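Peer 1: The following file, work_19.txt, comprises compact mmCIF, C-alpha atoms:
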# COMPACT_ATOMS: atom_id res chain seq x y z
CA MET L 144 -36.76 238.97 170.37
CA CYS L 145 -35.10 235.72 169.37
CA LEU L 146 -37.88 234.71 167.03
CA ALA L 147 -36.30 233.86 163.70
CA ILE L 148 -37.12 231.89 160.59
CA ILE L 149 -35.12 230.14 157.89
CA GLY L 150 -35.28 231.11 154.24
CA LYS L 151 -33.60 230.13 150.98
CA ILE L 152 -32.22 232.85 148.71
CA LYS L 153 -33.98 232.87 145.33
CA LYS L 154 -33.01 236.24 143.82
CA ILE L 155 -30.57 238.96 144.87
CA THR L 156 -30.96 242.68 144.04
CA LYS L 157 -28.36 244.79 145.89
CA GLU L 158 -29.35 244.75 149.59
CA ILE L 159 -32.74 243.15 149.05
CA SER L 160 -33.24 239.49 148.20
CA ILE L 161 -36.25 237.35 147.40
CA VAL L 162 -36.26 234.57 149.96
CA ASP L 163 -38.32 231.38 149.99
CA ILE L 164 -39.76 230.86 153.46
CA ASN L 165 -41.65 227.58 153.59
CA GLY L 166 -42.90 228.11 150.02
CA ILE L 167 -43.76 231.78 150.45
CA GLU L 168 -41.54 234.30 148.67
CA LYS L 169 -40.72 237.43 150.63
CA GLU L 170 -38.36 240.40 150.28
CA ILE L 171 -35.65 240.32 152.92
CA ASN L 172 -32.77 242.65 153.56
CA THR L 173 -29.56 240.67 153.14
CA SER L 174 -27.04 243.47 153.64
CA LEU L 175 -25.66 241.92 156.86
CA VAL L 176 -24.55 238.65 155.23
CA ASP L 177 -22.53 237.58 152.20
CA ILE L 178 -24.84 235.37 150.17
CA LYS L 179 -25.43 233.80 146.79
CA ILE L 180 -28.52 232.26 145.22
CA GLY L 181 -29.38 228.94 146.90
CA ASP L 182 -27.92 229.86 150.31
CA PHE L 183 -29.95 229.40 153.48
CA VAL L 184 -30.24 232.26 155.97
CA MET L 185 -31.70 232.90 159.42
CA ILE L 186 -34.09 235.86 159.28
CA HIS L 187 -34.93 238.21 162.16
CA ALA L 188 -37.09 241.36 161.89
CA GLY L 189 -36.88 241.43 158.11
CA PHE L 190 -33.10 240.98 157.91
CA ALA L 191 -30.93 237.91 157.32
CA ILE L 192 -28.68 237.78 160.39
CA GLU L 193 -26.54 234.75 159.52
CA LYS L 194 -25.91 232.34 156.69
CA ILE L 195 -26.31 228.66 157.50
CA THR L 196 -25.51 225.50 155.58
CA GLN L 197 -28.21 223.34 154.02
CA GLN L 198 -27.48 220.63 156.61
CA GLU L 199 -27.87 223.13 159.45
CA ALA L 200 -31.11 224.45 157.93
CA THR L 201 -32.46 220.89 157.72
CA GLU L 202 -31.45 220.21 161.35
CA ILE L 203 -33.24 223.34 162.55
CA LYS L 204 -36.33 222.60 160.43
CA ASN L 205 -36.39 219.07 161.87
CA ASP L 206 -36.22 220.57 165.37
CA PHE L 207 -39.32 222.63 164.58
CA LYS L 208 -41.18 219.51 163.40
CA GLN L 209 -40.52 217.56 166.62
CA MET B 51 -40.71 213.61 174.17
CA THR B 52 -37.98 211.71 172.41
CA LEU B 53 -35.78 209.11 174.13
CA ASN B 54 -32.93 211.54 173.76
CA SER B 55 -34.68 214.04 176.04
CA LYS B 56 -35.26 211.32 178.62
CA GLN B 57 -31.59 210.43 178.55
CA ILE B 58 -30.62 214.05 179.07
CA VAL B 59 -33.04 214.40 182.01
CA LEU B 60 -31.64 211.21 183.58
CA GLU B 61 -28.13 212.59 183.26
CA ILE B 62 -29.27 215.90 184.82
CA LYS B 63 -30.74 213.95 187.76
CA ARG B 64 -27.57 211.92 188.17
CA LEU B 65 -25.40 215.06 188.23
CA ALA B 66 -27.79 216.88 190.59
CA GLN B 67 -27.57 214.12 193.22
CA ASN B 68 -24.17 215.35 194.32
CA MET B 69 -25.02 219.04 194.28
CA GLY B 70 -26.56 221.60 196.63
CA GLU B 71 -28.99 224.26 195.49
CA ILE B 72 -28.09 225.40 191.97
CA LEU B 73 -29.31 228.59 190.34
CA ILE B 74 -29.29 228.82 186.56
CA MET B 75 -30.46 231.99 184.84
CA GLU B 76 -31.78 231.91 181.27
CA LEU B 77 -31.01 235.24 179.65
CA CYS B 78 -33.28 235.12 176.65
CA GLY B 79 -37.05 235.56 176.68
CA THR B 80 -37.44 232.92 173.99
CA HIS B 81 -35.61 230.38 176.18
CA SER B 82 -37.99 231.32 179.03
CA GLN B 83 -40.89 230.61 176.66
CA THR B 84 -39.48 227.16 175.82
CA VAL B 85 -39.00 226.36 179.52
CA ALA B 86 -42.61 227.29 180.31
CA LYS B 87 -44.26 225.87 177.18
CA TYR B 88 -42.70 222.41 177.59
CA GLY B 89 -42.84 222.33 181.39
CA LEU B 90 -39.09 221.84 181.65
CA LYS B 91 -38.93 223.03 185.29
CA GLN B 92 -41.14 220.10 186.26
CA LEU B 93 -38.62 217.68 184.76
CA LEU B 94 -35.73 218.99 186.85
CA PRO B 95 -34.64 217.84 190.31
CA LYS B 96 -35.77 220.18 193.11
CA ASN B 97 -32.29 221.54 193.75
CA ILE B 98 -31.88 222.75 190.16
CA ASN B 99 -33.55 226.15 189.96
CA LEU B 100 -34.15 227.97 186.69
CA ILE B 101 -34.90 231.69 186.76
CA SER B 102 -35.53 234.17 184.00
CA GLY B 103 -33.25 237.17 183.64
CA PRO B 104 -33.60 240.47 181.78
CA GLY B 105 -33.83 238.84 178.34
CA CYS B 106 -36.99 240.58 177.22
CA PRO B 107 -35.97 243.89 175.60
CA ILE B 108 -39.44 245.40 175.90
CA CYS B 109 -39.45 244.60 179.64
CA VAL B 110 -36.11 246.22 180.41
CA THR B 111 -36.94 249.45 178.58
CA ASP B 112 -36.88 252.20 181.16
CA GLN B 113 -40.12 253.95 182.05
CA TYR B 114 -38.56 257.31 181.14
CA ASP B 115 -37.88 256.23 177.54
CA ILE B 116 -41.44 254.95 177.17
CA ASP B 117 -42.79 258.23 178.53
CA VAL B 118 -40.62 260.29 176.16
CA ILE B 119 -42.05 258.41 173.16
CA ILE B 120 -45.56 258.93 174.51
CA GLU B 121 -44.82 262.64 174.90
CA LEU B 122 -43.65 262.84 171.28
CA ALA B 123 -46.86 261.10 170.15
CA LYS B 124 -48.91 263.57 172.20
CA ASN B 125 -47.12 266.33 170.31
CA ASP B 126 -48.50 264.86 167.06
CA ILE B 127 -45.22 263.31 165.97
CA PRO B 128 -45.91 260.02 164.12
CA ILE B 129 -44.36 257.04 165.90
CA ALA B 130 -43.32 253.64 164.49
CA ILE B 131 -42.87 250.76 166.93
CA TYR B 132 -42.45 247.01 167.05
CA GLY B 133 -45.78 245.40 168.00
CA ASP B 134 -44.85 244.46 171.56
CA ALA B 135 -44.35 248.11 172.52
CA LEU B 136 -47.91 249.15 171.74
CA SER B 137 -49.37 248.21 175.13
CA LEU B 138 -46.45 249.30 177.29
CA PRO B 139 -47.97 251.25 180.17
CA GLY B 140 -46.80 254.87 180.19
CA SER B 141 -47.06 257.21 183.14
CA SER B 142 -49.97 259.07 181.56
CA ALA B 143 -51.21 256.71 178.79
CA SER B 144 -50.07 253.87 176.57
CA LEU B 145 -49.35 254.21 172.86
CA GLU B 146 -52.37 251.98 172.26
CA GLU B 147 -54.61 254.47 174.05
CA LEU B 148 -53.11 257.33 172.04
CA LYS B 149 -53.70 255.37 168.83
CA GLN B 150 -57.35 255.06 169.81
CA GLN B 151 -57.34 258.85 170.20
CA SER B 152 -56.25 259.11 166.55
CA LYS B 153 -52.59 259.82 167.26
CA GLN B 154 -50.37 258.45 164.48
CA ILE B 155 -48.90 255.27 165.92
CA PHE B 156 -47.78 252.59 163.46
CA VAL B 157 -46.84 249.01 164.28
CA ILE B 158 -44.10 247.71 162.00
CA TYR B 159 -42.43 244.34 161.45
CA SER B 160 -39.08 245.70 160.31
CA THR B 161 -37.27 249.02 159.93
CA PRO B 162 -37.68 249.05 156.11
CA ASP B 163 -41.43 249.27 156.86
CA ALA B 164 -40.75 252.45 158.83
CA LEU B 165 -38.83 253.88 155.89
CA LYS B 166 -41.82 253.19 153.64
CA LEU B 167 -44.06 255.05 156.12
CA GLN B 168 -41.60 257.95 156.09
CA LYS B 169 -42.67 258.75 152.52
CA ASP B 170 -46.13 259.71 153.80
CA TYR B 171 -45.04 260.85 157.27
CA PRO B 172 -41.67 262.58 156.81
CA ASN B 173 -41.23 263.32 160.54
CA ILE B 174 -41.97 259.76 161.71
CA VAL B 175 -39.86 258.57 164.67
CA PHE B 176 -38.95 254.92 165.16
CA PHE B 177 -38.70 253.79 168.80
CA GLY B 178 -35.49 251.76 168.68
CA ILE B 179 -35.78 249.03 171.28
CA GLY B 180 -33.76 245.87 171.63
CA PHE B 181 -30.39 244.29 172.19
CA GLU B 182 -27.65 243.58 169.65
CA THR B 183 -30.02 241.37 167.62
CA THR B 184 -32.21 244.26 166.45
CA THR B 185 -29.74 247.15 166.59
CA PRO B 186 -28.14 246.48 163.17
CA MET B 187 -31.58 246.89 161.55
CA THR B 188 -31.98 250.27 163.24
CA ALA B 189 -28.45 251.31 162.27
CA TRP B 190 -29.15 250.39 158.65
CA ALA B 191 -32.37 252.44 158.65
CA ILE B 192 -30.66 255.49 160.20
CA LYS B 193 -28.16 255.39 157.36
CA GLN B 194 -31.12 255.44 154.96
CA GLY B 195 -32.49 258.57 156.68
CA LEU B 196 -34.91 257.24 159.31
CA THR B 197 -35.31 259.27 162.50
CA VAL B 198 -34.87 257.17 165.63
CA TYR B 199 -35.22 257.53 169.39
CA SER B 200 -32.67 255.02 170.60
CA SER B 201 -33.27 252.88 173.64
CA HIS B 202 -31.01 250.14 172.29
CA LYS B 203 -28.98 248.23 174.83
CA LEU B 204 -25.90 246.05 175.01
CA PHE B 205 -26.36 242.76 176.78
CA PRO B 206 -22.91 241.89 178.24
CA PRO B 207 -22.87 244.85 180.72
CA ALA B 208 -26.17 243.60 182.19
CA MET B 209 -24.66 240.12 182.52
CA ASN B 210 -21.78 241.68 184.42
CA VAL B 211 -24.22 243.25 186.91
CA LEU B 212 -26.00 239.93 187.40
CA ALA B 213 -22.80 237.89 187.68
CA SER B 214 -21.60 240.14 190.51
CA SER B 215 -25.00 240.50 192.23
CA ARG B 216 -25.04 240.26 196.03
CA ASP B 217 -28.73 239.36 196.04
CA LEU B 218 -28.37 236.39 193.72
CA LYS B 219 -25.70 233.75 193.56
CA ILE B 220 -25.96 232.58 189.99
CA ASP B 221 -24.16 229.31 189.22
CA GLY B 222 -24.52 229.43 185.46
CA PHE B 223 -26.00 231.33 182.53
CA ILE B 224 -27.90 230.12 179.50
CA ASN B 225 -26.74 232.94 177.26
CA PRO B 226 -28.99 234.84 174.84
CA GLY B 227 -29.29 232.95 171.53
CA HIS B 228 -29.56 235.41 168.70
CA VAL B 229 -27.73 238.17 170.55
CA SER B 230 -24.85 235.69 170.42
CA ALA B 231 -25.33 235.29 166.65
CA ILE B 232 -24.46 238.98 166.33
CA ILE B 233 -21.82 239.50 169.05
CA GLY B 234 -20.31 236.01 169.02
CA THR B 235 -19.24 233.90 171.99
CA LYS B 236 -15.78 235.25 172.70
CA ILE B 237 -17.10 238.32 174.54
CA PHE B 238 -18.72 236.09 177.19
CA GLN B 239 -15.35 234.74 178.31
CA GLN B 240 -14.98 237.81 180.59
CA PHE B 241 -17.58 236.34 182.98
CA LYS B 242 -16.13 233.79 185.36
CA LEU B 243 -19.20 231.58 185.35
CA PRO B 244 -20.22 228.43 183.46
CA GLN B 245 -22.14 229.56 180.36
CA VAL B 246 -23.85 227.82 177.47
CA VAL B 247 -25.15 229.22 174.19
CA THR B 248 -27.96 227.04 172.90
CA GLY B 249 -30.93 226.82 170.53
CA PHE B 250 -34.58 227.18 171.37
CA GLU B 251 -35.97 223.64 171.26
CA PRO B 252 -36.69 221.77 174.53
CA ASN B 253 -33.77 219.42 173.90
CA ASP B 254 -31.46 222.39 173.32
CA VAL B 255 -32.39 223.87 176.72
CA LEU B 256 -32.14 220.52 178.53
CA LEU B 257 -28.76 219.89 176.96
CA ALA B 258 -27.65 223.35 178.08
CA ILE B 259 -28.68 222.56 181.69
CA LYS B 260 -26.84 219.24 181.60
CA THR B 261 -23.73 220.92 180.18
CA LEU B 262 -23.86 223.64 182.84
CA LEU B 263 -24.16 221.05 185.62
CA GLN B 264 -21.13 219.21 184.23
CA MET B 265 -19.16 222.46 184.23
CA ILE B 266 -20.31 223.33 187.77
CA THR B 267 -19.33 219.84 188.96
CA ASN B 268 -15.87 220.19 187.43
CA ASN B 269 -15.55 223.85 188.52
CA LYS B 270 -15.00 224.95 184.94
CA HIS B 271 -15.84 228.51 183.95
CA GLN B 272 -16.15 228.18 180.22
CA VAL B 273 -18.44 229.29 177.43
CA ILE B 274 -19.71 226.26 175.54
CA ASN B 275 -21.49 226.86 172.25
CA LEU B 276 -24.17 224.22 171.55
CA TYR B 277 -25.79 226.46 168.92
CA ASN B 278 -22.87 226.43 166.50
CA ARG B 279 -25.22 225.78 163.61
CA LEU B 280 -25.89 229.54 163.86
CA VAL B 281 -23.60 231.19 166.42
CA LYS B 282 -19.94 231.73 165.56
CA GLU B 283 -17.13 232.70 167.92
CA SER B 284 -16.67 236.12 166.29
CA GLY B 285 -20.38 236.75 165.62
CA ASN B 286 -21.58 238.69 162.60
CA VAL B 287 -18.75 241.13 161.88
CA LYS B 288 -20.73 243.11 159.28
CA ALA B 289 -23.59 243.65 161.72
CA ASN B 290 -21.23 244.77 164.49
CA ASP B 291 -19.40 247.17 162.17
CA LEU B 292 -22.73 248.69 161.16
CA ILE B 293 -23.80 249.14 164.80
CA TYR B 294 -20.63 251.05 165.69
CA GLU B 295 -20.67 253.09 162.49
CA VAL B 296 -23.96 254.64 163.63
CA PHE B 297 -23.98 254.29 167.43
CA GLU B 298 -21.60 255.03 170.27
CA ILE B 299 -21.60 253.40 173.68
CA SER B 300 -23.25 255.32 176.51
CA ASN B 301 -24.69 254.66 179.95
CA ALA B 302 -28.27 253.39 179.94
CA ARG B 303 -31.12 252.95 182.38
CA TRP B 304 -32.63 249.47 182.62
CA ARG B 305 -35.90 248.70 184.31
CA GLY B 306 -35.01 246.76 187.43
CA LEU B 307 -31.26 247.01 187.05
CA GLY B 308 -30.98 250.82 187.16
CA GLU B 309 -28.28 252.71 185.30
CA ILE B 310 -25.59 250.41 183.92
CA PRO B 311 -22.39 252.05 182.67
CA ASN B 312 -21.60 251.52 178.99
CA SER B 313 -24.72 249.45 178.37
CA GLY B 314 -26.56 251.76 175.96
CA LEU B 315 -26.21 252.83 172.37
CA LYS B 316 -26.52 256.50 171.52
CA ILE B 317 -26.74 257.81 167.96
CA LYS B 318 -23.43 259.37 166.88
CA GLU B 319 -23.27 263.11 166.27
CA LYS B 320 -22.60 262.37 162.60
CA PHE B 321 -26.21 261.14 162.35
CA ARG B 322 -27.69 263.89 164.55
CA LYS B 323 -30.24 264.80 161.88
CA GLN B 324 -31.80 261.37 162.43
CA ASP B 325 -31.62 261.49 166.25
CA ALA B 326 -35.07 262.22 167.74
CA GLU B 327 -33.48 263.01 171.11
CA TYR B 328 -31.63 265.89 169.43
CA ILE B 329 -34.35 266.98 166.99
CA TYR B 330 -37.03 267.17 169.69
CA ARG B 331 -34.75 268.32 172.51
CA ASP B 332 -37.02 271.29 173.31
CA ILE B 333 -40.10 269.07 173.76
CA ILE B 334 -38.07 266.60 175.83
CA LYS B 335 -36.55 269.36 177.99
CA LYS B 336 -39.99 270.77 178.74
CA PHE B 337 -41.31 267.27 179.48
CA GLN B 338 -38.43 266.59 181.89
CA GLN B 339 -39.26 269.68 183.97
CA ASN B 340 -42.55 268.25 185.23
CA TYR B 341 -41.75 264.55 184.81
CA ALA B 342 -43.05 262.18 187.45
CA PRO B 343 -42.89 258.48 186.61
CA ARG B 344 -45.99 256.48 187.37
CA LYS B 345 -46.24 254.85 190.75
CA SER B 346 -47.41 251.28 190.79
CA ALA B 347 -47.34 248.19 192.99
CA CYS B 348 -45.88 246.36 189.96
CA ILE B 349 -42.67 244.48 190.85
CA CYS B 350 -41.48 243.95 187.26
CA GLY B 351 -38.08 245.45 188.16
CA GLU B 352 -37.41 242.85 190.86
CA ILE B 353 -38.72 240.06 188.64
CA LEU B 354 -36.25 241.09 185.91
CA GLN B 355 -33.41 240.72 188.41
CA GLY B 356 -34.63 237.23 189.35
CA ILE B 357 -35.19 238.34 192.96
CA LYS B 358 -38.97 237.87 192.86
CA LYS B 359 -41.43 235.77 190.89
CA PRO B 360 -44.66 236.90 189.17
CA ILE B 361 -46.70 235.12 191.84
CA ASP B 362 -45.12 237.42 194.47
CA CYS B 363 -46.75 240.46 192.82
CA PRO B 364 -50.02 241.69 194.34
CA LEU B 365 -51.27 242.69 190.88
CA PHE B 366 -50.50 239.41 189.05
CA LYS B 367 -53.64 237.78 187.60
CA LYS B 368 -55.74 240.29 189.55
CA LYS B 369 -55.46 243.81 188.22
CA CYS B 370 -52.67 242.79 185.81
CA SER B 371 -53.29 240.59 182.77
CA PRO B 372 -52.24 240.54 179.08
CA THR B 373 -55.35 242.55 178.18
CA ASN B 374 -54.74 245.05 180.98
CA PRO B 375 -50.99 245.00 181.66
CA GLN B 376 -49.83 247.03 184.64
CA GLY B 377 -46.16 246.54 183.95
CA ALA B 378 -43.77 245.79 181.10
CA CYS B 379 -43.24 242.14 182.19
CA MET B 380 -46.87 241.38 181.29
CA VAL B 381 -46.80 243.17 177.92
CA SER B 382 -44.37 241.17 175.83
CA VAL B 383 -44.86 237.49 174.99
CA GLU B 384 -41.28 237.13 176.24
CA GLY B 385 -42.02 238.85 179.56
CA THR B 386 -41.72 236.69 182.67
CA CYS B 387 -45.21 237.62 183.93
CA ARG B 388 -46.79 237.08 180.53
CA ILE B 389 -45.11 233.67 180.17
CA SER B 390 -46.21 232.73 183.68
CA TYR B 391 -49.76 233.90 182.88
CA ASP B 392 -49.96 232.01 179.57
CA HIS B 393 -48.46 228.71 180.67
CA LYS B 394 -49.91 228.00 184.12
Could you show the structure in this file as structure tokens?

Peer 2:
Amino acid sequence: MCLAIIGKIKKITKEISIVDINGIEKEINTSLVDIKIGDFVMIHAGFAIEKITQQEATEIKNDFKQ
Amino acid sequence: MTLNSKQIVLEIKRLAQNMGEILIMELCGTHSQTVAKYGLKQLLPKNINLISGPGCPICVTDQYDIDVIIELAKNDIPIAIYGDALSLPGSSASLEELKQQSKQIFVIYSTPDALKLQKDYPNIVFFGIGFETTTPMTAWAIKQGLTVYSSHKLFPPAMNVLASSRDLKIDGFINPGHVSAIIGTKIFQQFKLPQVVTGFEPNDVLLAIKTLLQMITNNKHQVINLYNRLVKESGNVKANDLIYEVFEISNARWRGLGEIPNSGLKIKEKFRKQDAEYIYRDIIKKFQQNYAPRKSACICGEILQGIKKPIDCPLFKKKCSPTNPQGACMVSVEGTCRISYDHK
């Protein structure tokens, strides 16, 4: 249940945002976080559960590459 | 493996030299996967024992709740579930078997998917399973009008049971990762044990073990957050507010751990029109009258408590496999038996 992925906010429409996940754009519910375009978020079961900084997103992505 | 990992392992070995038998429980199924996938147990000194706890939400779902959902499906009520729940063995059948018999069972990725299905199947019921990580998504969907049978659980009360167990003397916890992202780290301070919140990479888990050993050596009962790139002390306040807007705390039955006071989440009366337990109370009452849970040699309950290992089960790798699971611990990819089956 802890599977989660990182996405970058591209477009915000009320509770739903278009998020870039490794180059694929997907609709994600962002009602649980305060976000703006360009923010990075951790996504779980179709919802952003936390906002993270670009540096943190890069660190996590680097972890996945190792 | 990077040099950094080697350094951490060396430090673990150095710390372990001066210690007796140490028992560390990882409380998240995804951490258990990392431990198995990267063979981390093999890197540890013999006196440092890692065991998996009840961190797989599918596994801890009580047989009764599974059987209620199966009963609803048998009564031609459409059911939406997360994928892992499809093969959960019921006392009379699994949802997968009912699906093959043309019952309306839908696997979804997220609760908005269930709301989309509701347009075609207005009486669809979502089987709400999971800890604090997935509960906000269910709460959000209930507010949008989705009907839910709630088997949602709160993790800290289960930790309390484990921390005070007479059967196990746990020296430290690796706390659940994304549960912590929602509930924060402060709540864990009530447990007088060394605890670490960490990420899901092998280095994260090794670092957590090293940190726990340092705390055990120095007799410090703290909560150290190594996953602060995601987990904050106060958690996700919005998500927590949403949970308690829709749910109220109740007692809950856990597979293996029995009934734990104040460990469940029941839908508030305000949202009764979306509560499947209330809507279908007549079906459930009738079902309860003749209910007899399935009997099995499966020891999933004891495995979830860390008392036994999959290899101790007479069914493991014989009658029980991922294609023919006999118990919940073999169903989910985060289940201890499934992990043991896949990685050995």

Peer 1: Kindly determine which residues of chain L lie within 6 Å of chain B, considering all atoms listed in the file, and give the answer as an mmCIF file with C-alpha atoms, keeping the file's coordinate frame.

Peer 2:
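Final output, saved to part38.cif:
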data_model
loop_
_atom_site.group_PDB
_atom_site.id
_atom_site.type_symbol
_atom_site.label_atom_id
_atom_site.label_comp_id
_atom_site.auth_asym_id
_atom_site.auth_seq_id
_atom_site.Cartn_x
_atom_site.Cartn_y
_atom_site.Cartn_z
ATOM 1 C CA CYS L 145 -35.100 235.720 169.370
ATOM 2 C CA LEU L 175 -25.660 241.920 156.860
ATOM 3 C CA ALA L 188 -37.090 241.360 161.890
ATOM 4 C CA GLY L 189 -36.880 241.430 158.110
ATOM 5 C CA GLU L 199 -27.870 223.130 159.450
#

Peer 1: Mind checking which residues fall within 12 Å of Ile159 (chain L), counting all atoms listed in the file, ignoring those fewer than 4 positions away in the same chain, and posting them as a list in words?

Peer 2: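 So the residues in contact are Ile152, Lys153, Lys154, Ile155, Lys169, Glu170, Ile171, Asn172, Thr173, Ser174, Leu175, Val176, Ile178, Gly189, Phe190 and Ala191 of chain L; Pro162 of chain B.
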
Peer 1: Excluding Thr386 (chain B) and residues on its chain fewer than 2 positions from it, collect all residues at most 8 Å away from it, counting all atoms listed in the file, and give them as a VMD selection string.

Peer 2: chain B and resid 79 82 102 353 to 354 360 379 to 380 384 388 to 390

Peer 1: Which is closest to Trp304 (chain B) among B:Thr188, B:Thr235, B:Asn340, B:Thr111, if we use all atoms listed in the file?

Peer 2: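 Once distances to Trp304 (chain B) are computed over all atoms listed in the file, the minimum belongs to B:Thr111.
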
Peer 1: Between B:Ala302, B:Ala208, B:Ile127, B:Lys219, which has the minimum distance to Phe238 (chain B) (counting all atoms listed in the file)?

Peer 2: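 Counting all atoms listed in the file, the residue closest to Phe238 (chain B) is B:Ala208.
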
Peer 1: Work out how far apart CA of Ile161 (chain L) and CA of Ile148 (chain L) are and give it in Å to one decimal.

Peer 2: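 Taking CA of Ile161 (chain L) as the start and CA of Ile148 (chain L) as the end point, the length is 14.3 Å.
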
Peer 1: Between B:Ser137, B:Leu263, B:Ile220, B:Glu121, which has the minimum distance to Ser371 (chain B) (counting all atoms listed in the file)?

Peer 2: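 Going through B:Ser137, B:Leu263, B:Ile220, B:Glu121 one by one, the smallest distance to Ser371 (chain B) is for B:Ser137.
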
Peer 1: So how many Å separate CA of Phe183 (chain L) and CA of Ala200 (chain L), to one decimal?

Peer 2: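 These atoms are spaced 6.8 Å apart.
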
Peer 1: List as a list in words the residues having at least one atom at most 12 Å from position (-43.1, 227.3, 153.2) as given in the file, counting only C-alpha atoms.

Peer 2: Ile148, Ile149, Gly150, Lys151, Val162, Asp163, Ile164, Asn165, Gly166, Ile167, Glu168, Lys169 and Lys204 of chain L
